[in-house]
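The structure file my_file-v9.csv is reproduced below (CSV, C-alpha atoms).
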chain,number,residue,atom,x,y,z
H,475,MET,CA,110.2,98.3,84.4
H,476,ASN,CA,106.7,98.9,83.1
H,477,LEU,CA,103.3,98.2,84.8
H,478,LEU,CA,102.9,94.9,83.1
H,479,GLU,CA,106.3,93.7,84.2
H,480,LEU,CA,105.5,95.0,87.7
H,481,LYS,CA,102.3,93.1,87.8
H,482,GLU,CA,104.1,89.9,86.9
H,483,THR,CA,106.2,90.2,90.0
H,484,ILE,CA,103.1,89.6,92.1
H,485,ARG,CA,102.4,86.0,93.1
H,486,GLU,CA,99.0,84.5,93.5
H,487,VAL,CA,98.7,82.0,96.4
H,488,MET,CA,95.6,79.8,96.2
H,489,ASP,CA,93.4,79.1,99.2
H,490,PHE,CA,94.8,81.8,101.5
H,491,PRO,CA,93.6,83.0,103.9
H,492,LYS,CA,90.8,80.5,103.2
H,493,LYS,CA,89.7,78.0,100.6
H,494,GLY,CA,88.7,79.4,97.2
H,495,ILE,CA,90.6,82.7,97.6
H,496,GLY,CA,93.5,83.6,95.3
H,497,PHE,CA,95.6,85.8,97.5
H,498,LYS,CA,97.7,88.5,95.8
H,499,ASP,CA,101.0,88.1,97.5
H,500,ILE,CA,103.1,91.3,97.1
H,501,THR,CA,106.1,89.9,98.9
H,502,THR,CA,107.6,88.7,95.6
H,503,LEU,CA,107.3,92.3,94.3
H,504,LEU,CA,108.7,93.9,97.5
H,505,LYS,CA,111.8,91.7,97.5
H,506,ASP,CA,112.7,92.7,93.9
H,507,PRO,CA,114.6,96.0,94.3
H,508,ARG,CA,113.6,97.3,90.8
H,509,ALA,CA,109.9,96.3,91.2
H,510,PHE,CA,109.7,97.9,94.7
H,511,LYS,CA,111.4,101.1,93.6
H,512,THR,CA,109.3,101.4,90.5
H,513,SER,CA,106.0,100.9,92.4
H,514,VAL,CA,106.9,103.5,95.0
H,515,ASP,CA,108.1,106.0,92.4
H,516,LEU,CA,104.9,105.6,90.3
H,517,LEU,CA,102.7,106.2,93.3
H,518,ALA,CA,104.8,109.1,94.6
H,519,ASN,CA,104.8,110.8,91.2
H,520,LEU,CA,101.0,111.0,91.2
H,521,TYR,CA,101.0,113.4,94.2
H,522,LYS,CA,104.3,115.4,93.8
H,523,ASP,CA,102.4,118.6,93.1
H,524,GLU,CA,99.6,118.1,95.6
H,525,ASN,CA,101.2,119.6,98.7
H,526,ILE,CA,100.6,116.5,100.8
H,527,ASP,CA,101.3,117.3,104.5
H,528,ILE,CA,100.6,113.9,106.0
H,529,VAL,CA,100.5,110.3,104.6
H,530,ILE,CA,98.5,107.8,106.6
H,531,GLY,CA,98.8,104.1,106.3
H,532,PRO,CA,96.8,101.4,108.0
H,533,GLU,CA,98.6,98.7,109.9
H,534,ALA,CA,100.5,96.6,108.8
H,535,ARG,CA,101.0,96.5,105.0
H,536,GLY,CA,99.9,100.2,104.7
H,537,PHE,CA,103.1,101.0,106.4
H,538,ILE,CA,105.2,99.4,103.6
H,539,TYR,CA,104.0,101.9,101.0
H,540,GLY,CA,102.9,104.8,103.3
H,541,ALA,CA,106.3,105.4,104.8
H,542,PRO,CA,108.4,105.6,101.6
H,543,LEU,CA,105.7,107.8,100.1
H,544,ALA,CA,105.8,110.2,103.1
H,545,TYR,CA,109.5,110.3,102.7
H,546,LEU,CA,109.4,111.1,99.0
H,547,LEU,CA,106.6,113.7,99.3
H,548,ASN,CA,108.3,115.5,102.2
H,549,ALA,CA,105.3,114.7,104.3
H,550,GLY,CA,104.9,113.3,107.8
H,551,PHE,CA,103.8,109.7,108.3
H,552,VAL,CA,100.9,108.8,110.5
H,553,PRO,CA,100.1,105.2,111.4
H,554,VAL,CA,96.5,104.0,111.6
H,555,ARG,CA,96.6,101.1,114.0
H,556,LYS,CA,94.6,98.2,115.4
H,557,GLU,CA,92.9,98.6,118.7
H,558,GLY,CA,95.1,99.3,121.7
H,559,LYS,CA,98.4,99.8,119.9
H,560,LEU,CA,98.7,103.6,120.1
H,561,PRO,CA,99.8,105.0,123.4
H,562,ALA,CA,98.3,108.5,123.5
H,563,GLU,CA,94.8,109.9,123.1
H,564,ILE,CA,93.0,108.4,120.1
H,565,VAL,CA,89.9,108.6,117.9
H,566,SER,CA,88.6,105.3,116.6
H,567,GLU,CA,86.3,103.9,114.0
H,568,GLU,CA,84.5,100.6,113.8
H,569,TYR,CA,83.6,99.0,110.5
H,570,GLU,CA,82.1,95.8,109.2
H,571,LEU,CA,84.0,92.8,107.9
H,572,GLU,CA,82.5,89.8,106.2
H,573,TYR,CA,82.2,88.2,109.6
H,574,GLY,CA,82.2,90.6,112.6
H,575,THR,CA,83.7,94.1,112.9
H,576,ASN,CA,87.1,95.7,113.1
H,577,ILE,CA,88.3,98.8,114.9
H,578,ILE,CA,91.1,101.1,113.7
H,579,GLU,CA,92.6,104.0,115.7
H,580,ILE,CA,94.6,107.2,115.0
H,581,HIS,CA,96.2,109.6,117.4
H,582,LYS,CA,94.1,112.7,118.1
H,583,ASP,CA,97.0,115.0,117.6
H,584,SER,CA,98.3,113.3,114.5
H,585,ILE,CA,96.6,115.6,112.0
H,586,THR,CA,96.0,119.4,112.2
H,587,LYS,CA,92.9,121.0,110.8
H,588,GLY,CA,93.2,121.8,107.1
H,589,GLN,CA,96.2,119.5,106.5
H,590,ASN,CA,96.3,117.7,103.1
H,591,VAL,CA,96.3,114.0,103.7
H,592,LEU,CA,97.0,111.1,101.4
H,593,VAL,CA,95.7,107.7,102.5
H,594,VAL,CA,97.9,104.8,101.3
H,595,ASP,CA,97.4,101.0,101.4
H,596,ASP,CA,98.7,98.1,99.5
H,597,LEU,CA,95.3,96.7,98.4
H,598,LEU,CA,91.9,98.0,97.7
H,599,ALA,CA,89.4,95.2,98.2
H,600,THR,CA,86.0,96.1,99.6
H,601,GLY,CA,87.3,99.5,100.7
H,602,GLY,CA,86.1,99.1,104.3
H,603,THR,CA,89.5,100.0,105.9
H,604,ALA,CA,90.1,103.0,103.6
H,605,ALA,CA,86.6,104.3,104.2
H,606,ALA,CA,87.1,104.1,108.0
H,607,ALA,CA,90.5,105.8,107.7
H,608,GLY,CA,88.9,108.6,105.6
H,609,LYS,CA,86.4,109.1,108.4
H,610,LEU,CA,89.2,109.4,111.0
H,611,VAL,CA,91.0,112.0,108.9
H,612,LYS,CA,87.8,114.0,108.5
H,613,GLU,CA,87.0,113.8,112.2
H,614,LEU,CA,90.4,115.4,112.9
H,615,GLY,CA,89.7,118.1,110.3
H,616,GLY,CA,92.1,116.9,107.6
H,617,ASN,CA,91.5,117.1,103.9
H,618,VAL,CA,91.7,113.8,102.1
H,619,VAL,CA,93.4,114.6,98.8
H,620,ALA,CA,93.4,111.1,97.5
H,621,MET,CA,93.5,107.4,98.4
H,622,ALA,CA,96.4,105.4,96.8
H,623,PHE,CA,96.7,101.7,96.4
H,624,LEU,CA,99.2,99.4,94.8
H,625,ILE,CA,96.5,96.9,93.8
H,626,GLU,CA,92.8,97.2,93.1
H,627,LEU,CA,90.5,94.2,93.0
H,628,GLU,CA,88.0,95.8,90.7
H,629,PHE,CA,85.5,92.9,91.0
H,630,LEU,CA,84.9,93.8,94.6
H,631,ASN,CA,83.8,97.3,93.8
H,632,GLY,CA,85.7,99.0,96.6
H,633,ARG,CA,85.4,102.3,94.8
H,634,GLU,CA,81.6,102.2,95.7
H,635,ASN,CA,82.6,102.7,99.3
H,636,LEU,CA,85.0,105.5,98.5
H,637,LYS,CA,82.8,107.6,96.1
H,638,GLU,CA,83.6,110.9,97.8
H,639,TYR,CA,87.3,110.4,97.4
H,640,LYS,CA,89.8,110.5,94.5
H,641,VAL,CA,91.0,106.9,94.2
H,642,ASP,CA,94.2,105.8,92.4
H,643,SER,CA,95.6,102.3,91.9
H,644,LEU,CA,98.6,101.0,89.9
H,645,ILE,CA,97.6,97.4,89.2
H,646,LYS,CA,94.1,96.2,88.6
H,647,TYR,CA,92.6,92.7,88.7
L,97,MET,CA,117.9,118.9,112.2
L,98,ASN,CA,120.6,117.4,114.5
L,99,LEU,CA,120.3,114.3,116.7
L,100,LEU,CA,119.4,116.2,119.8
L,101,GLU,CA,116.5,118.0,118.0
L,102,LEU,CA,115.5,114.7,116.6
L,103,LYS,CA,115.4,113.1,120.0
L,104,GLU,CA,113.2,116.0,121.2
L,105,THR,CA,110.5,115.0,118.7
L,106,ILE,CA,109.9,111.7,120.5
L,107,ARG,CA,107.2,111.8,123.1
L,108,GLU,CA,107.3,109.8,126.3
L,109,VAL,CA,103.9,108.4,127.4
L,110,MET,CA,103.8,107.1,130.9
L,111,ASP,CA,102.1,103.8,132.0
L,112,PHE,CA,101.9,102.3,128.5
L,113,PRO,CA,101.5,99.5,127.8
L,114,LYS,CA,101.4,99.0,131.5
L,115,LYS,CA,101.9,100.9,134.8
L,116,GLY,CA,105.4,102.1,135.4
L,117,ILE,CA,106.6,102.0,131.8
L,118,GLY,CA,107.5,105.2,130.1
L,119,PHE,CA,106.7,104.4,126.4
L,120,LYS,CA,108.9,106.0,123.8
L,121,ASP,CA,106.2,107.2,121.3
L,122,ILE,CA,107.8,107.8,117.9
L,123,THR,CA,104.5,108.9,116.2
L,124,THR,CA,105.4,112.5,117.1
L,125,LEU,CA,108.6,112.1,115.2
L,126,LEU,CA,107.0,110.4,112.2
L,127,LYS,CA,104.4,113.0,111.7
L,128,ASP,CA,107.1,115.8,111.5
L,129,PRO,CA,108.3,115.7,107.9
L,130,ARG,CA,111.8,117.1,108.8
L,131,ALA,CA,112.3,114.7,111.7
L,132,PHE,CA,111.1,111.7,109.7
L,133,LYS,CA,113.3,112.5,106.7
L,134,THR,CA,116.3,113.2,108.9
L,135,SER,CA,116.0,109.9,110.7
L,136,VAL,CA,115.6,107.9,107.5
L,137,ASP,CA,118.5,109.6,105.8
L,138,LEU,CA,120.8,109.2,108.8
L,139,LEU,CA,120.1,105.5,109.0
L,140,ALA,CA,120.4,105.0,105.2
L,141,ASN,CA,123.7,106.8,105.1
L,142,LEU,CA,125.3,104.2,107.4
L,143,TYR,CA,124.8,101.5,104.8
L,144,LYS,CA,125.1,103.2,101.4
L,145,ASP,CA,128.4,101.5,100.6
L,146,GLU,CA,127.5,98.1,102.1
L,147,ASN,CA,125.9,96.6,99.0
L,148,ILE,CA,122.7,95.7,100.9
L,149,ASP,CA,120.5,93.3,98.8
L,150,ILE,CA,117.6,92.9,101.2
L,151,VAL,CA,116.2,95.0,104.1
L,152,ILE,CA,114.1,93.0,106.5
L,153,GLY,CA,111.7,94.6,109.0
L,154,PRO,CA,109.6,92.9,111.7
L,155,GLU,CA,105.9,93.7,111.8
L,156,ALA,CA,104.6,96.3,112.3
L,157,ARG,CA,106.8,99.3,113.2
L,158,GLY,CA,109.8,97.7,111.6
L,159,PHE,CA,108.0,98.3,108.3
L,160,ILE,CA,108.0,102.1,108.9
L,161,TYR,CA,111.8,102.3,108.7
L,162,GLY,CA,112.5,99.1,106.8
L,163,ALA,CA,110.6,100.1,103.7
L,164,PRO,CA,112.1,103.6,103.1
L,165,LEU,CA,115.6,102.2,103.8
L,166,ALA,CA,115.1,99.4,101.2
L,167,TYR,CA,114.0,102.1,98.7
L,168,LEU,CA,117.0,104.4,99.4
L,169,LEU,CA,119.5,101.5,99.4
L,170,ASN,CA,118.1,100.1,96.1
L,171,ALA,CA,117.4,96.9,98.0
L,172,GLY,CA,114.4,94.6,98.2
L,173,PHE,CA,112.1,94.7,101.3
L,174,VAL,CA,111.2,91.5,103.1
L,175,PRO,CA,108.6,91.6,105.9
L,176,VAL,CA,109.0,89.5,109.0
L,177,ARG,CA,105.5,88.8,110.2
L,178,LYS,CA,103.5,87.4,113.1
L,179,GLU,CA,102.2,83.9,112.9
L,180,GLY,CA,99.8,83.0,110.1
L,181,LYS,CA,100.1,86.3,108.1
L,182,LEU,CA,102.4,85.1,105.3
L,183,PRO,CA,100.7,83.1,102.5
L,184,ALA,CA,103.5,81.0,101.1
L,185,GLU,CA,106.0,78.6,102.6
L,186,ILE,CA,107.7,80.0,105.7
L,187,VAL,CA,110.4,79.4,108.2
L,188,SER,CA,109.6,80.5,111.8
L,189,GLU,CA,111.3,81.3,115.0
L,190,GLU,CA,110.0,81.2,118.5
L,191,TYR,CA,111.5,83.5,121.2
L,192,GLU,CA,110.8,84.3,124.8
L,193,LEU,CA,109.0,87.4,126.0
L,194,GLU,CA,108.7,88.6,129.6
L,195,TYR,CA,105.5,86.5,129.8
L,196,GLY,CA,105.1,83.7,127.3
L,197,THR,CA,106.6,83.4,123.9
L,198,ASN,CA,106.3,85.0,120.4
L,199,ILE,CA,106.6,83.5,116.9
L,200,ILE,CA,107.8,85.4,113.9
L,201,GLU,CA,107.9,84.1,110.3
L,202,ILE,CA,109.6,84.9,107.0
L,203,HIS,CA,109.0,83.5,103.5
L,204,LYS,CA,111.3,80.7,102.7
L,205,ASP,CA,112.1,82.2,99.2
L,206,SER,CA,112.5,85.7,100.5
L,207,ILE,CA,116.3,85.6,100.8
L,208,THR,CA,118.8,83.9,98.5
L,209,LYS,CA,122.0,82.3,99.8
L,210,GLY,CA,124.8,84.9,100.2
L,211,GLN,CA,122.6,88.0,100.0
L,212,ASN,CA,123.6,90.9,102.2
L,213,VAL,CA,120.8,91.6,104.6
L,214,LEU,CA,120.1,94.6,106.8
L,215,VAL,CA,117.7,94.1,109.8
L,216,VAL,CA,115.8,97.2,110.7
L,217,ASP,CA,113.4,98.0,113.5
L,218,ASP,CA,112.3,101.2,115.3
L,219,LEU,CA,113.4,100.1,118.8
L,220,LEU,CA,116.1,98.0,120.4
L,221,ALA,CA,114.8,96.9,123.8
L,222,THR,CA,115.8,93.4,125.0
L,223,GLY,CA,116.8,92.4,121.4
L,224,GLY,CA,114.6,89.3,121.4
L,225,THR,CA,112.8,90.1,118.1
L,226,ALA,CA,116.0,91.1,116.3
L,227,ALA,CA,117.9,88.0,117.5
L,228,ALA,CA,115.0,85.8,116.2
L,229,ALA,CA,115.0,87.8,112.9
L,230,GLY,CA,118.8,87.2,112.6
L,231,LYS,CA,118.3,83.5,113.1
L,232,LEU,CA,115.7,83.4,110.3
L,233,VAL,CA,118.1,85.2,107.9
L,234,LYS,CA,120.9,82.8,108.7
L,235,GLU,CA,118.6,79.8,108.3
L,236,LEU,CA,117.9,81.1,104.7
L,237,GLY,CA,121.7,81.5,104.0
L,238,GLY,CA,121.7,85.3,104.2
L,239,ASN,CA,124.6,87.4,105.6
L,240,VAL,CA,123.5,89.8,108.3
L,241,VAL,CA,125.5,92.9,107.5
L,242,ALA,CA,124.1,94.9,110.4
L,243,MET,CA,121.0,95.6,112.6
L,244,ALA,CA,119.8,99.2,112.6
L,245,PHE,CA,117.5,100.8,115.1
L,246,LEU,CA,116.1,104.3,115.4
L,247,ILE,CA,116.1,104.0,119.3
L,248,GLU,CA,118.1,102.0,121.7
L,249,LEU,CA,117.1,101.5,125.3
L,250,GLU,CA,120.6,101.0,126.6
L,251,PHE,CA,119.5,100.1,130.1
L,252,LEU,CA,117.9,96.9,128.8
L,253,ASN,CA,121.3,95.6,127.4
L,254,GLY,CA,119.7,94.4,124.1
L,255,ARG,CA,123.2,94.3,122.5
L,256,GLU,CA,124.0,91.4,124.8
L,257,ASN,CA,121.5,89.3,122.8
L,258,LEU,CA,123.0,90.6,119.5
L,259,LYS,CA,126.7,90.1,120.2
L,260,GLU,CA,127.4,88.4,116.9
L,261,TYR,CA,126.1,91.3,114.9
L,262,LYS,CA,127.1,94.9,114.1
L,263,VAL,CA,124.4,97.0,115.9
L,264,ASP,CA,123.7,100.6,115.1
L,265,SER,CA,121.2,103.0,116.7
L,266,LEU,CA,120.6,106.7,116.3
L,267,ILE,CA,119.0,107.7,119.6
L,268,LYS,CA,119.9,106.3,122.9
L,269,TYR,CA,118.2,106.3,126.3
Output the file's structure in the form of structure tokens.
Amino acid sequence: MNLLELKETIREVMDFPKKGIGFKDITTLLKDPRAFKTSVDLLANLYKDENIDIVIGPEARGFIYGAPLAYLLNAGFVPVRKEGKLPAEIVSEEYELEYGTNIIEIHKDSITKGQNVLVVDDLLATGGTAAAAGKLVKELGGNVVAMAFLIELEFLNGRENLKEYKVDSLIKY
Amino acid sequence: MNLLELKETIREVMDFPKKGIGFKDITTLLKDPRAFKTSVDLLANLYKDENIDIVIGPEARGFIYGAPLAYLLNAGFVPVRKEGKLPAEIVSEEYELEYGTNIIEIHKDSITKGQNVLVVDDLLATGGTAAAAGKLVKELGGNVVAMAFLIELEFLNGRENLKEYKVDSLIKY
């Protein structure tokens, strides 16, 4: 399956989560075994020689790609979660949304100083979540090797928010 | 790494999410590459000859094991999500919690009649979420081959709620 065929497995749902937005629904890709395997393999291959120690994925869809990539790269998986979900000592980062703010958290002992970290999420939109995740990794002394996304919405210029990082995406709109 | 060593990578955090509860924190297992790989492989091996078509995992921690298992079993991955998160047509199931109720949803077109489905989550507690997920699968015509959990809290008798299913777990408390 090539990238064009992969892209065709993604469904666009109009007016979700609000009127005027064409939501890129990856569930139609995920449920297709060949498409899911192809997308995971293509992302994992980008980093197979990068000595990744830890893959982090933001809740919840970041877990869907972060966990298989950690498995394939022989790395640990570290969840970045919404406020109040992690039970032990955390560091947190607040960032702006279109309306209001959001807080994400990571366990303080989840990354050791100098570890090579890959940040993974399904979608790069404005880059707010990924930028906040990058800050959390740096606060813990980790080295952000790259940020990997299944989809990039290029018209939102998320890379502008992630200038200091290597950013990779498979499918662009 | 054997099962006893695997169990030792899980941390117990006292008084989370509320006083008196000893929370089984799997993040210490997940961040350990050998432990994570071992746990995923042990679960996947249980079903390698079962012709699994679809792995479903409830949001959010169910994604962490569901997605790698789908990858390894050459199956599709279908997320079961909290209310309002899925963009297309859904079926939903309400179930009781200790206080109040919870609703989970699945896309109506996520499972085809007769497909073999594996339900995966990190933890079997009272079994409420898994029972509701099983009902969603059956409503869509899927065949629940088994329900797989990393951890089972045996003292909560979650299997009682899941009597009609084959239930597997790696680590028991």
Which residue of L:Ala163, L:Phe245, L:Asp111, L:Leu252 approaches Asp218 of chain L most closely, using only C-alpha atoms:
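Of L:Ala163, L:Phe245, L:Asp111, L:Leu252, the one nearest Asp218 of chain L is L:Phe245, counting only C-alpha atoms.
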**Item:** Proximity to Ile577 of chain H - best of H:Pro532, H:Gly550, H:Pro507, H:Gly632, only C-alpha atoms
**Value:**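 Closest to Ile577 of chain H, using only C-alpha atoms: H:Pro532.
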Practice problem: Using only C-alpha atoms, find which residues of chain L lie within 8 Å of chain H and jot them down as a PyMOL selection string. | Solution: chain L and resi 109+112-113+119+121+123-124+126-130+132-133+149-150+155-157+159-164+166-167+170-175+183-184+206
Spatial neighbours of Ile645 of chain H, max dist 7 Å, only C-alpha atoms, sep filter under 4 positions, as a PDB file with C-alpha atoms, in the coordinates of the input:
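The new file out24.pdb reads:
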ATOM      1  CA  LYS H 481     102.300  93.100  87.800  1.00  0.00           C
ATOM      2  CA  LEU H 624      99.200  99.400  94.800  1.00  0.00           C
ATOM      3  CA  ILE H 625      96.500  96.900  93.800  1.00  0.00           C
ATOM      4  CA  GLU H 626      92.800  97.200  93.100  1.00  0.00           C
TER       5      GLU H 626
END
re atom CA of Glu146 of chain L and atom CA of Val240 of chain L: distance 11.1 Å
Among listed residues L:Asp217, L:Glu104, L:Glu235, L:Asp145, nearest Ile186 of chain L (using only C-alpha atoms)
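When distances to Ile186 of chain L are compared using only C-alpha atoms, the smallest one comes from L:Glu235.
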Restricting to only C-alpha atoms, whichever of H:Ile578, H:Ile495, H:Leu627, H:Ile500 is closest to Ala605 of chain H is H:Ile578
Here atom CA of Val176 of chain L and atom CA of Val216 of chain L stand apart by 10.4 Å
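Put simply, atom CA of Ile202 of chain L is 24.7 Å away from atom CA of Glu479 of chain H.
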| Between L:Ser135, L:Asn253, L:Asn212, L:Thr225, which is the closest to Lys178 of chain L once you count only C-alpha atoms? |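 So, comparing all the options, the nearest one is L:Thr225.
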Counting all atoms listed in the file, closest pick from H:Lys646, H:Thr586, H:Val593, H:Glu570 relative to Glu628 of chain H is H:Lys646
Q.
Show me the residues close to (91.4, 105.2, 97.6) - anything with an atom within 9 Å, counting all atoms listed in the file - and format the list as a list of chain:residue names.
A.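 The residues that fall inside the cut-off are H:Leu592, H:Val593, H:Val594, H:Asp595, H:Leu598, H:Gly601, H:Ala604, H:Ala605, H:Ala620, H:Met621, H:Ala622, H:Phe623, H:Gly632, H:Arg633, H:Leu636, H:Tyr639, H:Lys640, H:Val641, H:Asp642, H:Ser643.
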Since the input is missing atoms for segment 479-491 of chain H, could you rebuild it with N, CA, C and O atoms and give the result as a CSV table (one decimal), in the frame of the given file?
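Saved as result.csv:
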chain,number,residue,atom,x,y,z
H,479,GLU,N,105.2,94.4,83.6
H,479,GLU,CA,106.3,93.7,84.2
H,479,GLU,C,106.1,93.7,85.7
H,479,GLU,O,106.4,92.8,86.4
H,480,LEU,N,105.7,94.9,86.2
H,480,LEU,CA,105.5,95.0,87.7
H,480,LEU,C,104.4,94.0,88.2
H,480,LEU,O,104.6,93.3,89.2
H,481,LYS,N,103.3,94.0,87.4
H,481,LYS,CA,102.3,93.1,87.8
H,481,LYS,C,102.7,91.6,87.8
H,481,LYS,O,102.3,90.8,88.7
H,482,GLU,N,103.6,91.3,86.9
H,482,GLU,CA,104.1,89.9,86.9
H,482,GLU,C,105.0,89.5,88.1
H,482,GLU,O,105.2,88.3,88.3
H,483,THR,N,105.4,90.5,88.8
H,483,THR,CA,106.2,90.2,90.0
H,483,THR,C,105.3,89.8,91.2
H,483,THR,O,105.8,89.3,92.2
H,484,ILE,N,104.0,90.0,91.1
H,484,ILE,CA,103.1,89.6,92.1
H,484,ILE,C,102.7,88.2,92.0
H,484,ILE,O,102.4,87.7,90.9
H,485,ARG,N,102.7,87.5,93.1
H,485,ARG,CA,102.4,86.0,93.1
H,485,ARG,C,101.0,85.8,93.6
H,485,ARG,O,100.5,86.4,94.5
H,486,GLU,N,100.3,84.9,93.0
H,486,GLU,CA,99.0,84.5,93.5
H,486,GLU,C,99.1,83.2,94.3
H,486,GLU,O,99.7,82.2,93.8
H,487,VAL,N,98.7,83.2,95.5
H,487,VAL,CA,98.7,82.0,96.4
H,487,VAL,C,97.3,81.6,96.6
H,487,VAL,O,96.4,82.3,97.1
H,488,MET,N,97.0,80.3,96.1
H,488,MET,CA,95.6,79.8,96.2
H,488,MET,C,95.2,79.4,97.6
H,488,MET,O,96.1,79.0,98.4
H,489,ASP,N,94.0,79.6,97.9
H,489,ASP,CA,93.4,79.1,99.2
H,489,ASP,C,94.0,79.8,100.4
H,489,ASP,O,94.2,79.1,101.5
H,490,PHE,N,94.3,81.0,100.3
H,490,PHE,CA,94.8,81.8,101.5
H,490,PHE,C,94.0,83.1,101.5
H,490,PHE,O,93.9,83.8,100.5
H,491,PRO,N,93.5,83.6,102.6
H,491,PRO,CA,93.6,83.0,103.9
H,491,PRO,C,92.6,81.8,104.1
H,491,PRO,O,92.6,81.2,105.1
